[in-house]
Amino acid sequence: MAPMAGYDEIADWYEQEFLPRSSDDAYGVDRSLRELLGPGDGTCLEVGCGTGVHAASLRTLGWTPVGVDVSAGMLRHARGRLACVRGDAERLPVRDASVDAAVAVMVHSDMPGYPDVLRETARALRPGACSSTWACTPASAVGSPTVRTRTPW
Ligand SMILES: C[S@@+](CC[C@H](N)C(=O)[O-])C[C@H]1O[C@@H](n2cnc3c(N)ncnc32)[C@H](O)[C@@H]1O
């Protein structure tokens, strides 16, 4: 298990102050999910789902969201929002070729082993599925993603 318990300590702040569910899409994540992922009707894995705040947007697009996160504190908030499990994204607790899409929002800078996370995500995706990433770096404003990708596998 990756040592990322830091989020356990700030989970309540994250839920209540940093990224409360709101309708204004302050950081443009919903828009990115619409533009990059788009509609679908299968299972969408959210890698590093945190408090599960994007689950409703995925459902609006037709997907059934499932989440993996290493932080028990973050998952405590996520549980009412999506099916989720505690696990390390570098060793996803997901069968090969078992999900129809994957998203990762604001996680890459917390995951030093991100190449392994991408390999694991590719393993979990069915052939022909796609994944999308929304990422910012410490040097960018949080609302200005420096990386927005859509990858067909
Ligand atoms: C900035 S938060 C983003 C959470 C959510 N994606 C969002 O947009 O609100 C980063 C999340 O990545 C999780 N995380 C970091 N390393 C991880 C790992 N190796 N495996 C799974 N989750 C991890 C943290 O616990 C945290 O919930």
# chains A, B, ... in the order shown; residues from 1 in each chain; ligands from 1

call {"tool": "closest_atom_pairs", "arguments": {"of": "chain A", "to": "ligand 1", "cutoff": "7 Å", "atoms": "only C-alpha atoms and all ligand atoms", "output": "tab-separated table"}}
result
residue	atom	partner	partner_atom_place_in_ligand_line	distance
A:Ala2	CA	ligand 1	19 (N)	5.0
A:Met4	CA	ligand 1	16 (N)	5.5
A:Ala5	CA	ligand 1	25 (O)	6.9
A:Tyr7	CA	ligand 1	25 (O)	5.2
A:Leu19	CA	ligand 1	9 (O)	6.5
A:Val47	CA	ligand 1	21 (C)	6.5
A:Gly48	CA	ligand 1	22 (N)	3.9
A:Cys49	CA	ligand 1	6 (N)	4.3
A:Gly50	CA	ligand 1	27 (O)	3.4
A:Thr51	CA	ligand 1	9 (O)	6.1
A:Gly52	CA	ligand 1	5 (C)	6.5
A:Val53	CA	ligand 1	9 (O)	5.9
A:His54	CA	ligand 1	8 (O)	6.8
A:Val68	CA	ligand 1	21 (C)	6.0
A:Asp69	CA	ligand 1	22 (N)	3.7
A:Val70	CA	ligand 1	21 (C)	4.1
A:Ser71	CA	ligand 1	25 (O)	4.3
A:Met74	CA	ligand 1	27 (O)	5.6
A:Gly87	CA	ligand 1	21 (C)	5.8
A:Asp88	CA	ligand 1	20 (N)	3.6
A:Ala89	CA	ligand 1	20 (N)	3.7
A:Glu90	CA	ligand 1	19 (N)	5.8
A:Ala104	CA	ligand 1	6 (N)	6.1
A:Val105	CA	ligand 1	6 (N)	4.4
A:Met106	CA	ligand 1	3 (C)	4.8
A:Val107	CA	ligand 1	10 (C)	4.5
A:Asp110	CA	ligand 1	15 (C)	4.9
A:Met111	CA	ligand 1	16 (N)	4.8

call {"tool": "write_last_selection", "arguments": {"atoms": "C-alpha atoms", "output": "PDB file, in the first residue's frame"}}
result
ATOM      1  CA  ALA A   2       1.446   3.402  -0.932  1.00  0.00           C
ATOM      2  CA  MET A   4      -0.316   8.434   1.290  1.00  0.00           C
ATOM      3  CA  ALA A   5      -2.061   8.700   4.633  1.00  0.00           C
ATOM      4  CA  TYR A   7      -5.069  12.713   2.906  1.00  0.00           C
ATOM      5  CA  LEU A  19     -13.848  20.860  -2.997  1.00  0.00           C
ATOM      6  CA  VAL A  47      -8.417   6.386  -9.987  1.00  0.00           C
ATOM      7  CA  GLY A  48      -7.751   8.294  -6.767  1.00  0.00           C
ATOM      8  CA  CYS A  49     -11.435   9.105  -6.337  1.00  0.00           C
ATOM      9  CA  GLY A  50     -10.891  10.994  -3.080  1.00  0.00           C
ATOM     10  CA  THR A  51     -14.213  12.085  -1.591  1.00  0.00           C
ATOM     11  CA  GLY A  52     -16.074  10.956  -4.708  1.00  0.00           C
ATOM     12  CA  VAL A  53     -17.086  14.458  -5.627  1.00  0.00           C
ATOM     13  CA  HIS A  54     -17.057  13.738  -9.380  1.00  0.00           C
ATOM     14  CA  VAL A  68     -10.227   3.393  -5.817  1.00  0.00           C
ATOM     15  CA  ASP A  69      -8.312   5.485  -3.317  1.00  0.00           C
ATOM     16  CA  VAL A  70      -5.599   4.789  -0.789  1.00  0.00           C
ATOM     17  CA  SER A  71      -6.996   7.112   1.883  1.00  0.00           C
ATOM     18  CA  MET A  74     -11.262  10.367   1.837  1.00  0.00           C
ATOM     19  CA  GLY A  87      -6.355   0.351  -2.706  1.00  0.00           C
ATOM     20  CA  ASP A  88      -3.145   1.507  -4.288  1.00  0.00           C
ATOM     21  CA  ALA A  89      -3.468   2.816  -7.832  1.00  0.00           C
ATOM     22  CA  GLU A  90      -0.088   1.263  -8.614  1.00  0.00           C
ATOM     23  CA  ALA A 104      -8.027  10.514 -12.937  1.00  0.00           C
ATOM     24  CA  VAL A 105      -8.618  14.020 -11.611  1.00  0.00           C
ATOM     25  CA  MET A 106      -5.992  15.988  -9.709  1.00  0.00           C
ATOM     26  CA  VAL A 107      -3.967  12.950  -8.721  1.00  0.00           C
ATOM     27  CA  ASP A 110       0.330  12.808  -5.514  1.00  0.00           C
ATOM     28  CA  MET A 111       1.422   9.625  -7.247  1.00  0.00           C
TER      29      MET A 111
END

call {"tool": "select_by_dssp", "arguments": {"residues": "segment 16-52 of chain A", "states": "helix (DSSP H, G or I)", "output": "list in words"}}
result
Gln16, Glu17, Phe18, Val29, Asp30, Arg31, Ser32, Leu33, Arg34, Glu35, Leu36 and Leu37 of chain A

call {"tool": "atom_distance", "arguments": {"atom1": "atom CA of Leu45 of chain A", "atom2": "atom CA of Asp100 of chain A"}}
result
8.0 Å

call {"tool": "select_by_dssp", "arguments": {"residues": "segment 54-100 of chain A", "states": "strand (DSSP E or B)", "output": "PDB file with N, CA and C atoms, in the first residue's frame"}}
result
ATOM      1  N   THR A  64     -21.497   4.398 -14.822  1.00  0.00           N
ATOM      2  CA  THR A  64     -21.607   3.916 -13.447  1.00  0.00           C
ATOM      3  C   THR A  64     -20.221   4.057 -12.821  1.00  0.00           C
ATOM      4  N   PRO A  65     -20.062   5.037 -11.907  1.00  0.00           N
ATOM      5  CA  PRO A  65     -18.721   5.280 -11.351  1.00  0.00           C
ATOM      6  C   PRO A  65     -18.347   4.269 -10.274  1.00  0.00           C
ATOM      7  N   VAL A  66     -17.088   3.849 -10.290  1.00  0.00           N
ATOM      8  CA  VAL A  66     -16.517   3.078  -9.178  1.00  0.00           C
ATOM      9  C   VAL A  66     -15.170   3.718  -8.864  1.00  0.00           C
ATOM     10  N   GLY A  67     -14.789   3.716  -7.608  1.00  0.00           N
ATOM     11  CA  GLY A  67     -13.577   4.444  -7.233  1.00  0.00           C
ATOM     12  C   GLY A  67     -12.577   3.591  -6.474  1.00  0.00           C
ATOM     13  N   VAL A  68     -11.315   3.971  -6.620  1.00  0.00           N
ATOM     14  CA  VAL A  68     -10.227   3.393  -5.817  1.00  0.00           C
ATOM     15  C   VAL A  68      -9.432   4.548  -5.234  1.00  0.00           C
ATOM     16  N   ASP A  69      -9.157   4.460  -3.949  1.00  0.00           N
ATOM     17  CA  ASP A  69      -8.312   5.485  -3.317  1.00  0.00           C
ATOM     18  C   ASP A  69      -7.583   4.835  -2.146  1.00  0.00           C
ATOM     19  N   ALA A  83     -19.621   3.404  -5.446  1.00  0.00           N
ATOM     20  CA  ALA A  83     -19.002   2.181  -4.966  1.00  0.00           C
ATOM     21  C   ALA A  83     -17.494   2.399  -4.997  1.00  0.00           C
ATOM     22  N   CYS A  84     -16.825   2.118  -3.908  1.00  0.00           N
ATOM     23  CA  CYS A  84     -15.387   2.407  -3.882  1.00  0.00           C
ATOM     24  C   CYS A  84     -14.669   1.449  -2.954  1.00  0.00           C
ATOM     25  N   VAL A  85     -13.372   1.347  -3.187  1.00  0.00           N
ATOM     26  CA  VAL A  85     -12.571   0.418  -2.408  1.00  0.00           C
ATOM     27  C   VAL A  85     -11.231   1.067  -2.106  1.00  0.00           C
ATOM     28  N   ARG A  86     -10.665   0.722  -0.948  1.00  0.00           N
ATOM     29  CA  ARG A  86      -9.346   1.247  -0.603  1.00  0.00           C
ATOM     30  C   ARG A  86      -8.293   0.413  -1.312  1.00  0.00           C
ATOM     31  N   VAL A  99     -13.155  -2.719 -16.921  1.00  0.00           N
ATOM     32  CA  VAL A  99     -13.886  -1.450 -16.870  1.00  0.00           C
ATOM     33  C   VAL A  99     -13.927  -0.807 -18.265  1.00  0.00           C
ATOM     34  N   ASP A 100     -14.949   0.014 -18.463  1.00  0.00           N
ATOM     35  CA  ASP A 100     -15.202   0.570 -19.799  1.00  0.00           C
ATOM     36  C   ASP A 100     -14.570   1.937 -20.014  1.00  0.00           C
TER      37      ASP A 100
END

call {"tool": "atom_distance", "arguments": {"atom1": "atom CA of Gln16 of chain A", "atom2": "atom CA of Thr121 of chain A"}}
result
29.2 Å

call {"tool": "residues_around", "arguments": {"residues": "Leu58 of chain A", "least_positions_apart": "2", "cutoff": "12 Å", "atoms": "only C-alpha atoms", "output": "PDB file with N, CA and C atoms, in the first residue's frame"}}
result
ATOM      1  N   VAL A  29     -13.772  20.871 -14.014  1.00  0.00           N
ATOM      2  CA  VAL A  29     -13.639  19.407 -14.108  1.00  0.00           C
ATOM      3  C   VAL A  29     -14.833  18.804 -14.846  1.00  0.00           C
ATOM      4  N   ASP A  30     -16.037  19.256 -14.500  1.00  0.00           N
ATOM      5  CA  ASP A  30     -17.232  18.711 -15.177  1.00  0.00           C
ATOM      6  C   ASP A  30     -17.145  18.942 -16.686  1.00  0.00           C
ATOM      7  N   ARG A  31     -16.732  20.139 -17.053  1.00  0.00           N
ATOM      8  CA  ARG A  31     -16.617  20.457 -18.489  1.00  0.00           C
ATOM      9  C   ARG A  31     -15.595  19.528 -19.149  1.00  0.00           C
ATOM     10  N   SER A  32     -14.481  19.302 -18.468  1.00  0.00           N
ATOM     11  CA  SER A  32     -13.464  18.407 -19.036  1.00  0.00           C
ATOM     12  C   SER A  32     -13.993  16.980 -19.167  1.00  0.00           C
ATOM     13  N   LEU A  33     -14.745  16.538 -18.166  1.00  0.00           N
ATOM     14  CA  LEU A  33     -15.296  15.179 -18.255  1.00  0.00           C
ATOM     15  C   LEU A  33     -16.255  15.079 -19.438  1.00  0.00           C
ATOM     16  N   ARG A  34     -17.048  16.115 -19.643  1.00  0.00           N
ATOM     17  CA  ARG A  34     -17.976  16.107 -20.791  1.00  0.00           C
ATOM     18  C   ARG A  34     -17.209  16.089 -22.103  1.00  0.00           C
ATOM     19  N   LEU A  36     -13.859  15.417 -22.708  1.00  0.00           N
ATOM     20  CA  LEU A  36     -12.820  14.406 -22.941  1.00  0.00           C
ATOM     21  C   LEU A  36     -13.341  12.986 -22.820  1.00  0.00           C
ATOM     22  N   LEU A  37     -14.173  12.752 -21.840  1.00  0.00           N
ATOM     23  CA  LEU A  37     -14.708  11.408 -21.645  1.00  0.00           C
ATOM     24  C   LEU A  37     -16.006  11.243 -22.439  1.00  0.00           C
ATOM     25  N   GLY A  38     -16.916  12.160 -22.214  1.00  0.00           N
ATOM     26  CA  GLY A  38     -18.184  12.104 -22.933  1.00  0.00           C
ATOM     27  C   GLY A  38     -19.129  11.067 -22.358  1.00  0.00           C
ATOM     28  N   PRO A  39     -20.285  10.900 -23.010  1.00  0.00           N
ATOM     29  CA  PRO A  39     -21.284   9.984 -22.485  1.00  0.00           C
ATOM     30  C   PRO A  39     -20.923   8.521 -22.704  1.00  0.00           C
ATOM     31  N   GLY A  40     -21.466   7.674 -21.844  1.00  0.00           N
ATOM     32  CA  GLY A  40     -21.241   6.234 -21.971  1.00  0.00           C
ATOM     33  C   GLY A  40     -22.121   5.515 -20.977  1.00  0.00           C
ATOM     34  N   ASP A  41     -22.247   4.215 -21.133  1.00  0.00           N
ATOM     35  CA  ASP A  41     -23.171   3.519 -20.228  1.00  0.00           C
ATOM     36  C   ASP A  41     -22.533   2.348 -19.494  1.00  0.00           C
ATOM     37  N   GLY A  42     -21.219   2.302 -19.444  1.00  0.00           N
ATOM     38  CA  GLY A  42     -20.562   1.211 -18.718  1.00  0.00           C
ATOM     39  C   GLY A  42     -19.998   1.685 -17.395  1.00  0.00           C
ATOM     40  N   THR A  43     -19.058   0.911 -16.909  1.00  0.00           N
ATOM     41  CA  THR A  43     -18.401   1.224 -15.641  1.00  0.00           C
ATOM     42  C   THR A  43     -17.227   2.158 -15.882  1.00  0.00           C
ATOM     43  N   CYS A  44     -17.173   3.224 -15.116  1.00  0.00           N
ATOM     44  CA  CYS A  44     -16.049   4.160 -15.225  1.00  0.00           C
ATOM     45  C   CYS A  44     -15.285   4.161 -13.903  1.00  0.00           C
ATOM     46  N   LEU A  45     -14.027   3.774 -13.975  1.00  0.00           N
ATOM     47  CA  LEU A  45     -13.166   3.726 -12.789  1.00  0.00           C
ATOM     48  C   LEU A  45     -12.570   5.098 -12.532  1.00  0.00           C
ATOM     49  N   GLU A  46     -12.756   5.616 -11.329  1.00  0.00           N
ATOM     50  CA  GLU A  46     -12.055   6.851 -10.974  1.00  0.00           C
ATOM     51  C   GLU A  46     -10.852   6.483 -10.104  1.00  0.00           C
ATOM     52  N   CYS A  49     -10.105   8.448  -6.304  1.00  0.00           N
ATOM     53  CA  CYS A  49     -11.435   9.105  -6.337  1.00  0.00           C
ATOM     54  C   CYS A  49     -11.621  10.097  -5.205  1.00  0.00           C
ATOM     55  N   GLY A  52     -15.033  11.395  -3.764  1.00  0.00           N
ATOM     56  CA  GLY A  52     -16.074  10.956  -4.708  1.00  0.00           C
ATOM     57  C   GLY A  52     -16.890  12.088  -5.289  1.00  0.00           C
ATOM     58  N   VAL A  53     -16.314  13.274  -5.265  1.00  0.00           N
ATOM     59  CA  VAL A  53     -17.086  14.458  -5.627  1.00  0.00           C
ATOM     60  C   VAL A  53     -17.445  14.496  -7.119  1.00  0.00           C
ATOM     61  N   HIS A  54     -16.745  13.729  -7.946  1.00  0.00           N
ATOM     62  CA  HIS A  54     -17.057  13.738  -9.380  1.00  0.00           C
ATOM     63  C   HIS A  54     -18.029  12.628  -9.795  1.00  0.00           C
ATOM     64  N   ALA A  55     -18.459  11.830  -8.835  1.00  0.00           N
ATOM     65  CA  ALA A  55     -19.316  10.681  -9.181  1.00  0.00           C
ATOM     66  C   ALA A  55     -20.629  11.134  -9.837  1.00  0.00           C
ATOM     67  N   ALA A  56     -21.203  12.201  -9.327  1.00  0.00           N
ATOM     68  CA  ALA A  56     -22.492  12.650  -9.871  1.00  0.00           C
ATOM     69  C   ALA A  56     -22.343  13.082 -11.327  1.00  0.00           C
ATOM     70  N   THR A  60     -24.270  11.595 -14.551  1.00  0.00           N
ATOM     71  CA  THR A  60     -25.015  12.453 -15.491  1.00  0.00           C
ATOM     72  C   THR A  60     -24.649  12.105 -16.925  1.00  0.00           C
ATOM     73  N   LEU A  61     -23.407  11.692 -17.135  1.00  0.00           N
ATOM     74  CA  LEU A  61     -22.972  11.306 -18.489  1.00  0.00           C
ATOM     75  C   LEU A  61     -23.403   9.885 -18.838  1.00  0.00           C
ATOM     76  N   GLY A  62     -23.998   9.191 -17.882  1.00  0.00           N
ATOM     77  CA  GLY A  62     -24.489   7.839 -18.152  1.00  0.00           C
ATOM     78  C   GLY A  62     -23.641   6.726 -17.586  1.00  0.00           C
ATOM     79  N   TRP A  63     -22.440   7.072 -17.070  1.00  0.00           N
ATOM     80  CA  TRP A  63     -21.527   6.052 -16.562  1.00  0.00           C
ATOM     81  C   TRP A  63     -21.934   5.587 -15.171  1.00  0.00           C
ATOM     82  N   THR A  64     -21.497   4.398 -14.822  1.00  0.00           N
ATOM     83  CA  THR A  64     -21.607   3.916 -13.447  1.00  0.00           C
ATOM     84  C   THR A  64     -20.221   4.057 -12.821  1.00  0.00           C
ATOM     85  N   PRO A  65     -20.062   5.037 -11.907  1.00  0.00           N
ATOM     86  CA  PRO A  65     -18.721   5.280 -11.351  1.00  0.00           C
ATOM     87  C   PRO A  65     -18.347   4.269 -10.274  1.00  0.00           C
ATOM     88  N   VAL A  66     -17.088   3.849 -10.290  1.00  0.00           N
ATOM     89  CA  VAL A  66     -16.517   3.078  -9.178  1.00  0.00           C
ATOM     90  C   VAL A  66     -15.170   3.718  -8.864  1.00  0.00           C
ATOM     91  N   GLY A  67     -14.789   3.716  -7.608  1.00  0.00           N
ATOM     92  CA  GLY A  67     -13.577   4.444  -7.233  1.00  0.00           C
ATOM     93  C   GLY A  67     -12.577   3.591  -6.474  1.00  0.00           C
ATOM     94  N   ARG A  81     -21.375   8.254  -2.267  1.00  0.00           N
ATOM     95  CA  ARG A  81     -21.444   8.814  -3.627  1.00  0.00           C
ATOM     96  C   ARG A  81     -21.172   7.795  -4.721  1.00  0.00           C
ATOM     97  N   LEU A  82     -20.360   6.779  -4.395  1.00  0.00           N
ATOM     98  CA  LEU A  82     -20.061   5.769  -5.409  1.00  0.00           C
ATOM     99  C   LEU A  82     -19.540   4.510  -4.735  1.00  0.00           C
ATOM    100  N   ALA A 101     -14.180   2.577 -18.929  1.00  0.00           N
ATOM    101  CA  ALA A 101     -13.537   3.893 -19.024  1.00  0.00           C
ATOM    102  C   ALA A 101     -12.843   4.152 -17.693  1.00  0.00           C
ATOM    103  N   ALA A 102     -11.948   5.119 -17.712  1.00  0.00           N
ATOM    104  CA  ALA A 102     -11.273   5.497 -16.460  1.00  0.00           C
ATOM    105  C   ALA A 102     -10.983   6.988 -16.485  1.00  0.00           C
ATOM    106  N   VAL A 103     -11.056   7.593 -15.313  1.00  0.00           N
ATOM    107  CA  VAL A 103     -10.668   8.995 -15.192  1.00  0.00           C
ATOM    108  C   VAL A 103      -9.751   9.154 -13.986  1.00  0.00           C
TER     109      VAL A 103
END

call {"tool": "closest_residue", "arguments": {"among": "A:Ser109, A:Arg91, A:Ser57, A:Trp134", "to": "Ala122 of chain A", "atoms": "only C-alpha atoms"}}
result
A:Arg91

call {"tool": "atom_distance", "arguments": {"atom1": "atom CA of Ala129 of chain A", "atom2": "atom CA of Asp24 of chain A"}}
result
29.0 Å
